[in-house]
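Visitor: Just structure.tsv, nothing more (TSV, C-alpha atoms):
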```
chain	number	residue	atom	x	y	z
M	1	MET	CA	-173.95	-83.95	-152.66
M	2	GLY	CA	-174.11	-80.56	-154.31
M	3	ALA	CA	-176.53	-78.83	-156.64
M	4	GLN	CA	-177.01	-78.57	-160.38
M	5	LYS	CA	-179.33	-76.27	-162.31
M	6	SER	CA	-179.95	-75.64	-166.00
M	7	ILE	CA	-181.27	-72.25	-167.11
M	8	LEU	CA	-182.49	-71.27	-170.58
M	9	ALA	CA	-181.63	-67.70	-171.60
M	10	GLY	CA	-182.99	-67.22	-175.10
M	11	LYS	CA	-181.28	-69.86	-177.23
M	12	ALA	CA	-178.41	-70.25	-174.77
M	13	LYS	CA	-178.30	-72.90	-172.07
M	14	ILE	CA	-176.55	-72.21	-168.77
M	15	ASP	CA	-175.54	-75.10	-166.52
M	16	VAL	CA	-174.51	-74.27	-162.96
M	17	ASN	CA	-173.01	-76.98	-160.77
M	18	VAL	CA	-171.70	-76.77	-157.22
M	19	ASP	CA	-170.18	-79.97	-155.84
M	20	LEU	CA	-169.47	-80.12	-152.09
M	21	SER	CA	-169.12	-83.87	-151.63
M	22	HIS	CA	-166.11	-84.09	-153.92
M	23	LYS	CA	-164.52	-81.29	-151.89
M	24	LEU	CA	-164.98	-83.20	-148.65
M	25	CYS	CA	-163.51	-86.39	-150.10
M	26	ALA	CA	-160.58	-84.65	-151.74
M	27	ALA	CA	-159.88	-82.55	-148.66
M	28	LEU	CA	-159.30	-85.69	-146.61
M	29	MET	CA	-156.57	-86.68	-149.08
M	30	LEU	CA	-154.98	-83.29	-149.82
M	31	SER	CA	-155.37	-81.10	-146.74
M	32	PRO	CA	-152.03	-82.17	-145.22
M	33	LEU	CA	-150.28	-81.15	-148.45
M	34	ARG	CA	-151.55	-77.60	-148.95
M	35	ASN	CA	-153.17	-74.96	-146.78
M	36	SER	CA	-156.72	-73.72	-147.34
M	37	GLY	CA	-157.03	-70.11	-148.40
M	38	GLY	CA	-160.39	-69.27	-146.78
M	39	PRO	CA	-164.10	-70.13	-146.89
M	40	LEU	CA	-164.40	-69.78	-150.67
M	41	SER	CA	-161.72	-72.44	-151.13
M	42	LEU	CA	-164.16	-74.95	-149.61
M	43	ILE	CA	-166.35	-74.79	-152.72
M	44	ILE	CA	-165.84	-76.69	-155.95
M	45	GLY	CA	-168.07	-75.47	-158.75
M	46	SER	CA	-168.47	-75.16	-162.48
M	47	LEU	CA	-170.34	-72.90	-164.86
M	48	CYS	CA	-171.21	-73.89	-168.43
M	49	ILE	CA	-172.83	-71.60	-171.02
M	50	LYS	CA	-173.76	-73.05	-174.40
M	51	HIS	CA	-175.21	-71.23	-177.40
M	52	PRO	CA	-176.33	-73.53	-180.26
M	53	ASN	CA	-176.83	-70.87	-182.95
M	54	LEU	CA	-174.57	-67.91	-182.30
M	55	PHE	CA	-174.74	-66.11	-185.65
M	56	GLY	CA	-177.74	-67.87	-187.16
M	57	GLY	CA	-175.74	-70.49	-189.05
M	58	SER	CA	-175.67	-73.26	-186.42
M	59	GLU	CA	-172.38	-71.98	-184.99
M	60	LYS	CA	-171.83	-73.25	-181.46
M	61	LEU	CA	-170.22	-71.33	-178.61
M	62	ASP	CA	-169.30	-73.09	-175.36
M	63	VAL	CA	-167.94	-71.32	-172.29
M	64	PHE	CA	-166.71	-73.41	-169.36
M	65	TRP	CA	-165.48	-72.25	-165.96
M	66	ASP	CA	-164.27	-74.71	-163.34
M	67	LYS	CA	-163.04	-74.01	-159.82
M	68	GLY	CA	-161.27	-76.87	-158.11
M	69	LEU	CA	-159.56	-77.26	-154.78
M	70	TYR	CA	-156.43	-75.38	-155.81
M	71	ASP	CA	-156.93	-74.73	-159.51
M	72	THR	CA	-159.17	-72.77	-161.86
M	73	ASN	CA	-159.81	-73.18	-165.56
M	74	VAL	CA	-161.63	-71.06	-168.14
M	75	LEU	CA	-162.25	-72.43	-171.65
M	76	VAL	CA	-164.04	-70.87	-174.62
M	77	ALA	CA	-164.71	-73.04	-177.70
M	78	TYR	CA	-166.22	-71.94	-181.01
M	79	ARG	CA	-167.32	-74.44	-183.68
M	80	ARG	CA	-168.72	-73.96	-187.15
M	81	PRO	CA	-170.84	-76.69	-188.77
M	82	ARG	CA	-168.97	-78.94	-191.21
M	83	PRO	CA	-169.93	-82.11	-193.11
M	84	GLU	CA	-169.60	-85.30	-191.07
M	85	TRP	CA	-167.01	-86.83	-193.44
M	86	VAL	CA	-164.42	-84.07	-192.84
M	87	PRO	CA	-162.56	-83.33	-189.58
M	88	GLN	CA	-164.47	-81.14	-187.17
M	89	GLN	CA	-162.70	-77.90	-186.23
M	90	SER	CA	-162.87	-75.92	-183.01
M	91	ILE	CA	-161.18	-72.67	-182.05
M	92	VAL	CA	-160.27	-72.93	-178.37
M	93	VAL	CA	-159.09	-70.23	-175.96
M	94	GLN	CA	-158.05	-71.44	-172.51
M	95	HIS	CA	-156.59	-69.98	-169.33
M	96	SER	CA	-155.74	-72.09	-166.29
M	97	ILE	CA	-153.97	-71.80	-162.94
M	98	SER	CA	-152.92	-74.98	-161.13
M	99	PRO	CA	-150.25	-76.35	-158.79
M	100	GLU	CA	-147.69	-78.26	-160.82
M	101	ILE	CA	-147.73	-81.35	-158.58
M	102	GLY	CA	-147.35	-83.82	-161.45
M	103	VAL	CA	-143.90	-82.55	-162.49
M	104	HIS	CA	-142.49	-80.78	-159.43
M	105	GLY	CA	-144.35	-82.66	-156.67
M	106	LEU	CA	-142.59	-84.92	-154.20
M	107	PRO	CA	-143.70	-88.59	-154.29
M	108	VAL	CA	-144.39	-90.04	-150.82
M	109	ASP	CA	-145.68	-93.32	-149.38
M	110	ASN	CA	-144.14	-95.50	-152.08
M	111	PHE	CA	-145.28	-93.14	-154.85
M	112	SER	CA	-148.97	-93.49	-153.92
M	113	GLN	CA	-149.26	-89.75	-153.16
M	114	ALA	CA	-147.66	-86.55	-154.42
M	115	GLY	CA	-146.93	-83.59	-152.17
M	116	SER	CA	-146.87	-80.04	-153.51
M	117	GLY	CA	-143.47	-78.69	-154.44
M	118	GLY	CA	-144.75	-75.11	-154.12
M	119	VAL	CA	-144.72	-74.46	-157.89
M	120	ASN	CA	-147.86	-72.98	-159.49
M	121	LEU	CA	-148.45	-72.94	-163.23
M	122	CYS	CA	-150.39	-70.22	-165.05
M	123	ARG	CA	-151.08	-71.09	-168.69
M	124	SER	CA	-152.91	-69.28	-171.50
M	125	SER	CA	-153.38	-70.75	-174.96
M	126	VAL	CA	-155.19	-70.23	-178.25
M	127	GLY	CA	-155.46	-73.10	-180.69
M	128	LEU	CA	-157.31	-75.02	-183.37
M	129	GLU	CA	-158.54	-78.52	-182.53
M	130	LEU	CA	-159.24	-81.16	-185.18
M	131	SER	CA	-161.34	-84.20	-184.31
M	132	GLU	CA	-161.98	-87.14	-186.59
M	133	PRO	CA	-163.48	-90.02	-184.55
M	134	ALA	CA	-164.42	-93.31	-186.19
M	135	SER	CA	-166.67	-95.98	-184.74
M	136	TYR	CA	-167.71	-99.43	-185.83
M	137	ASN	CA	-170.66	-101.20	-184.22
M	138	TRP	CA	-171.62	-104.81	-184.86
M	139	SER	CA	-175.27	-105.77	-184.29
M	140	SER	CA	-174.54	-108.99	-182.41
M	141	THR	CA	-173.76	-110.14	-178.87
M	142	THR	CA	-170.17	-108.94	-179.39
M	143	SER	CA	-169.59	-105.36	-180.50
M	144	ILE	CA	-166.47	-103.30	-181.07
M	145	LYS	CA	-166.16	-99.55	-180.85
M	146	PHE	CA	-163.00	-97.66	-181.79
M	147	GLU	CA	-162.22	-93.98	-181.32
M	148	PHE	CA	-159.01	-92.07	-182.03
M	149	SER	CA	-158.00	-88.47	-181.49
M	150	LEU	CA	-154.80	-86.53	-182.14
M	151	GLN	CA	-153.73	-83.24	-180.57
M	152	ILE	CA	-150.86	-81.11	-181.85
M	153	GLU	CA	-149.46	-77.99	-180.17
M	154	GLN	CA	-146.86	-75.80	-181.81
M	155	GLY	CA	-144.83	-73.04	-180.17
M	156	ILE	CA	-143.86	-70.22	-182.52
M	157	PRO	CA	-141.43	-67.65	-181.07
M	158	VAL	CA	-142.54	-64.03	-181.19
M	159	LEU	CA	-139.44	-63.02	-179.27
M	160	SER	CA	-135.98	-64.56	-179.70
M	161	LYS	CA	-136.02	-65.99	-176.16
M	162	TRP	CA	-139.35	-67.78	-176.54
M	163	LEU	CA	-139.50	-71.57	-176.93
M	164	VAL	CA	-139.86	-73.35	-180.26
M	165	PHE	CA	-141.51	-76.76	-179.91
M	166	ASN	CA	-144.05	-79.24	-181.28
M	167	ARG	CA	-146.11	-81.31	-178.82
M	168	PHE	CA	-147.96	-84.37	-180.11
M	169	GLN	CA	-150.48	-86.38	-178.11
M	170	PHE	CA	-152.81	-89.16	-179.23
M	171	VAL	CA	-155.56	-91.15	-177.55
M	172	GLY	CA	-156.98	-94.40	-178.90
M	173	THR	CA	-159.81	-96.34	-177.25
M	174	LYS	CA	-161.41	-99.62	-178.15
M	175	GLY	CA	-164.35	-101.32	-176.48
M	176	PHE	CA	-165.54	-104.91	-176.64
M	177	LYS	CA	-168.97	-106.05	-175.48
M	178	LEU	CA	-168.56	-109.59	-174.18
M	179	GLY	CA	-172.05	-110.75	-173.36
M	180	PRO	CA	-173.18	-108.83	-170.26
M	181	ALA	CA	-169.62	-107.55	-169.61
M	182	PHE	CA	-167.76	-104.75	-171.36
M	183	LEU	CA	-164.00	-104.48	-171.85
M	184	MET	CA	-162.59	-101.00	-172.50
M	185	THR	CA	-158.96	-100.52	-173.50
M	186	SER	CA	-157.19	-97.26	-174.20
M	187	VAL	CA	-153.69	-96.15	-175.18
M	188	THR	CA	-152.40	-92.62	-174.65
M	189	GLY	CA	-149.04	-91.40	-175.85
M	190	GLY	CA	-147.19	-88.27	-176.72
M	191	SER	CA	-143.87	-86.60	-177.36
M	192	ILE	CA	-142.35	-83.12	-177.43
M	193	VAL	CA	-139.91	-82.12	-180.17
M	194	GLY	CA	-137.79	-79.00	-179.82
M	195	ASP	CA	-137.33	-76.69	-176.85
M	196	MET	CA	-139.40	-77.25	-173.73
M	197	ALA	CA	-139.87	-76.01	-170.18
M	198	PRO	CA	-140.09	-78.54	-167.31
M	199	TYR	CA	-143.79	-77.83	-166.72
M	200	GLN	CA	-144.58	-78.97	-170.28
M	201	ALA	CA	-143.36	-82.50	-169.57
M	202	PHE	CA	-145.79	-85.40	-169.45
M	203	ALA	CA	-146.70	-86.32	-165.86
M	204	ILE	CA	-147.40	-90.07	-165.61
M	205	GLY	CA	-149.35	-91.56	-162.72
M	206	GLY	CA	-152.58	-90.79	-160.88
M	207	PHE	CA	-156.31	-91.42	-161.11
M	208	GLY	CA	-156.59	-90.55	-164.80
M	209	SER	CA	-153.34	-92.29	-165.72
M	210	VAL	CA	-151.85	-95.16	-163.65
M	211	ARG	CA	-153.99	-95.81	-160.60
M	212	GLY	CA	-152.17	-96.73	-157.41
M	213	TYR	CA	-149.65	-93.90	-157.88
M	214	GLY	CA	-149.88	-90.22	-156.99
M	215	GLU	CA	-150.15	-87.60	-159.70
M	216	GLY	CA	-146.90	-87.79	-161.64
M	217	GLY	CA	-145.63	-90.51	-159.29
M	218	VAL	CA	-144.53	-92.86	-162.09
M	219	GLY	CA	-142.43	-90.45	-164.08
M	220	THR	CA	-141.92	-87.10	-165.79
M	221	GLY	CA	-140.86	-87.39	-169.41
M	222	ARG	CA	-140.47	-85.70	-172.75
M	223	SER	CA	-142.39	-88.69	-174.13
M	224	CYS	CA	-144.95	-90.97	-172.52
M	225	LEU	CA	-147.04	-94.08	-173.07
M	226	VAL	CA	-150.03	-95.05	-170.90
M	227	ALA	CA	-152.24	-98.13	-171.42
M	228	ASN	CA	-155.45	-98.84	-169.51
M	229	SER	CA	-157.74	-101.87	-169.53
M	230	GLU	CA	-160.96	-102.14	-167.54
M	231	LEU	CA	-163.57	-104.89	-167.50
M	232	THR	CA	-166.98	-103.93	-166.11
M	233	PHE	CA	-169.80	-106.38	-165.40
M	234	PRO	CA	-173.28	-105.93	-163.90
M	235	LEU	CA	-173.85	-106.97	-160.30
M	236	SER	CA	-177.40	-105.63	-160.14
M	237	LYS	CA	-179.61	-103.18	-161.99
M	238	MET	CA	-177.78	-100.17	-160.55
M	239	VAL	CA	-174.37	-101.54	-159.56
M	240	GLU	CA	-171.45	-102.64	-161.73
M	241	GLY	CA	-168.20	-104.28	-160.73
M	242	ALA	CA	-164.86	-103.47	-162.36
M	243	ILE	CA	-161.41	-105.05	-162.68
M	244	PHE	CA	-158.63	-102.92	-164.16
M	245	MET	CA	-154.93	-102.79	-164.97
M	246	ASP	CA	-152.94	-99.65	-165.85
M	247	TYR	CA	-149.42	-99.26	-167.22
M	248	GLY	CA	-147.35	-96.14	-167.76
M	249	SER	CA	-143.83	-95.30	-168.90
M	250	ASP	CA	-141.76	-92.23	-169.70
M	251	LEU	CA	-140.00	-94.27	-172.43
M	252	HIS	CA	-136.62	-93.46	-170.85
M	253	SER	CA	-137.13	-89.77	-171.72
M	254	GLY	CA	-137.04	-88.40	-168.17
M	255	ARG	CA	-133.38	-87.40	-168.49
M	256	LEU	CA	-134.30	-85.23	-171.49
M	257	VAL	CA	-136.51	-82.94	-169.38
M	258	PRO	CA	-134.63	-79.79	-168.25
M	259	GLY	CA	-133.52	-80.28	-164.65
M	260	ASN	CA	-134.46	-83.97	-164.78
M	261	PRO	CA	-137.22	-83.69	-162.11
M	262	GLY	CA	-138.02	-87.40	-162.44
M	263	LEU	CA	-134.54	-88.49	-161.39
M	264	ARG	CA	-134.26	-85.74	-158.78
M	265	HIS	CA	-137.43	-86.95	-157.07
M	266	GLY	CA	-136.57	-90.63	-157.48
M	267	LYS	CA	-139.46	-91.54	-159.78
M	268	PRO	CA	-139.22	-95.08	-161.23
M	269	GLY	CA	-140.08	-94.12	-164.83
M	270	THR	CA	-142.29	-97.19	-165.30
M	271	GLY	CA	-145.24	-98.37	-163.24
M	272	VAL	CA	-148.11	-100.86	-163.17
M	273	GLY	CA	-151.31	-100.58	-161.18
M	274	ILE	CA	-154.01	-103.22	-160.72
M	275	GLY	CA	-157.25	-103.20	-158.81
M	276	CYS	CA	-161.01	-103.48	-158.67
M	277	GLY	CA	-163.92	-101.16	-158.13
M	278	LEU	CA	-167.64	-100.52	-157.99
M	279	ARG	CA	-169.81	-98.26	-160.15
M	280	PHE	CA	-173.15	-97.17	-158.72
M	281	LYS	CA	-175.61	-95.15	-160.81
M	282	SER	CA	-178.73	-93.48	-159.48
M	283	GLN	CA	-180.89	-90.42	-160.11
M	284	VAL	CA	-179.01	-88.63	-157.35
M	285	GLY	CA	-175.55	-89.14	-158.82
M	286	HIS	CA	-172.88	-91.50	-160.11
M	287	PHE	CA	-170.59	-93.02	-157.49
M	288	GLN	CA	-167.28	-94.68	-158.27
M	289	VAL	CA	-164.92	-96.46	-155.87
M	290	ASP	CA	-161.59	-97.91	-157.04
M	291	TYR	CA	-159.14	-99.94	-154.95
M	292	ALA	CA	-155.70	-99.95	-156.59
M	293	MET	CA	-152.27	-101.40	-155.79
M	294	ASN	CA	-149.06	-100.16	-157.39
M	295	GLY	CA	-145.80	-101.96	-158.11
M	296	TYR	CA	-144.59	-101.32	-154.55
M	297	GLN	CA	-147.68	-103.04	-153.12
M	298	GLN	CA	-148.91	-99.71	-151.80
M	299	ARG	CA	-152.72	-99.61	-151.80
M	300	THR	CA	-154.88	-96.59	-152.58
M	301	VAL	CA	-158.65	-96.06	-152.57
M	302	TYR	CA	-160.18	-93.56	-155.02
M	303	PHE	CA	-163.66	-92.20	-154.38
M	304	SER	CA	-165.55	-89.91	-156.74
M	305	ILE	CA	-169.05	-88.52	-157.09
M	306	THR	CA	-170.48	-86.90	-160.20
M	307	ASN	CA	-173.93	-85.43	-160.73
M	308	VAL	CA	-176.33	-86.62	-163.38
M	309	SER	CA	-176.98	-83.96	-166.00
M	310	SER	CA	-180.48	-82.61	-165.85
```
Kindly present the structure from the file in structure tokens form.

Guide:
Amino acid sequence: MGAQKSILAGKAKIDVNVDLSHKLCAALMLSPLRNSGGPLSLIIGSLCIKHPNLFGGSEKLDVFWDKGLYDTNVLVAYRRPRPEWVPQQSIVVQHSISPEIGVHGLPVDNFSQAGSGGVNLCRSSVGLELSEPASYNWSSTTSIKFEFSLQIEQGIPVLSKWLVFNRFQFVGTKGFKLGPAFLMTSVTGGSIVGDMAPYQAFAIGGFGSVRGYGEGGVGTGRSCLVANSELTFPLSKMVEGAIFMDYGSDLHSGRLVPGNPGLRHGKPGTGVGIGCGLRFKSQVGHFQVDYAMNGYQQRTVYFSITNVSS
């Protein structure tokens, strides 16, 4: 299963998590696509350091480090306290290394998997995040919750050969409590205006996008739109059932990506995935199993394990 430990160092809290089960499950799916680099590559882990009062004025500092199968990510976020009625601001510094499977990968098995194209992406960024969520709760048998977030990235050239671009991405979610069941819907979209490199394109398809397809198996576009709907209902005290439908599209913008990787790899540009799943919660961990089918009637099973925070 893995191990998780929280340590208090003064006012700071350090969370250490090592997850071996997820490695074993993911290795069964990805080992034919990439070669392992040694014993350390068999470990997936994360380190989280949080300080709730950095300079004595309730400033928060979060440091996250994640090591995946073939990627690493380091993120540092600094937040100053602000009134609840104004947007919350965070200064974020991030550095990541990952294989660019979503854009440059080769779809196989009717787009249900994506093989590595041998392209690795190293990215460093510094930015300011604004968050202004809104929620509405009705005290009745039917409740509605709505959240919305908007992310904007802007590329400003320091040198004449650097790219000039604006990248917009939004996420809207809405939940409905229907008696004992709960319906969650979400819409994600985005667009890039100006110059762009192929790796900046939106990769559509995969577990966090359109289930039933491999990562980036639906399309690679300058713009994107992804809609997800999932209905969960209790089967017992610890088990929930789920029925879901996902949709994704590059909005016919694949040809606007330099090199047109979507067309070159034969991606459809639009895809629908449907399926069902189980959610099992216990003190040991949270288990999730999803069975999805894409538009080519290719079936895929997703299996994930997450630890409960201590």

Visitor: Just want the 12 Å neighbourhood of M:Ser249, counted on only C-alpha atoms, with same-chain residues fewer than 6 positions away dropped. Output as an NGL selection string.

Guide: :M and (187-190 or 202-205 or 209-210 or 216-227 or 262 or 267-273)

Visitor: Do you have the atom CA of M:Pro198-atom CA of M:Val164 distance handy?

Guide: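 We find that atom CA of M:Pro198 and atom CA of M:Val164 lie 14.0 Å from each other.
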
Visitor: Give me the stretch 196-295 of chain M side of the contact with stretch 118-129 of chain M, cut-off 12 Å, one line per residue showing its nearest atom pair and distance in Å at one decimal, counting all atoms listed in the file, sorted by chain and residue number, as a tab-separated table.

Guide:
```
residue	atom	partner	partner_atom	distance
M:Ala197	CA	M:Leu121	CA	11.5
M:Pro198	CA	M:Leu121	CA	10.9
M:Tyr199	CA	M:Leu121	CA	7.6
M:Gln200	CA	M:Leu121	CA	10.1
```

Visitor: Just how far from atom CA of M:Glu230 is atom CA of M:Ala181, in Å to one decimal?

Guide: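 Result for atom CA of M:Ala181 versus atom CA of M:Glu230: 10.4 Å, one decimal.
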
Visitor: Please provide as a VMD selection string all residues within 9 Å of M:Phe244, with the sequence filter that same-chain residues fewer than 3 positions apart are discarded (counting only C-alpha atoms).

Guide: chain M and resid 228 to 232 273 to 277 292

Visitor: Pick out the closest residue to M:Phe207 from this set: M:Leu178, M:Met238, M:Val193, M:Val301. Count only C-alpha atoms.

Guide: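 Closest candidate: M:Val301.
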
Visitor: Please indicate the distance in Å from atom CA of M:Tyr302 to atom CA of M:Pro99, rounded to one decimal place.

Guide: 20.2 Å

Visitor: Please enclose the listed atoms of stretch 171-190 of chain M in an axis-aligned box, pad each side by 8 Å, and write out the centre and the three edge lengths in Å, rounded to one decimal, as JSON.

Guide:
```
{"center_x": -160.2, "center_y": -99.5, "center_z": -174.3, "size_x": 42.0, "size_y": 38.5, "size_z": 25.3}
```

Visitor: Of the residues M:Leu54, M:Phe287, M:Ser282, M:Thr185, which is the one nearest to M:Ile243, using all atoms listed in the file?

Guide: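 Under the stated criterion, the closest residue is M:Thr185.
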
Visitor: Please determine, counting all atoms listed in the file, which residue among M:Val289, M:Val284, M:Ala201, M:Met196 has the shortest atom-to-atom distance to M:Glu100.

Guide: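 Looking only at the distances to M:Glu100, the closest residue turns out to be M:Ala201.
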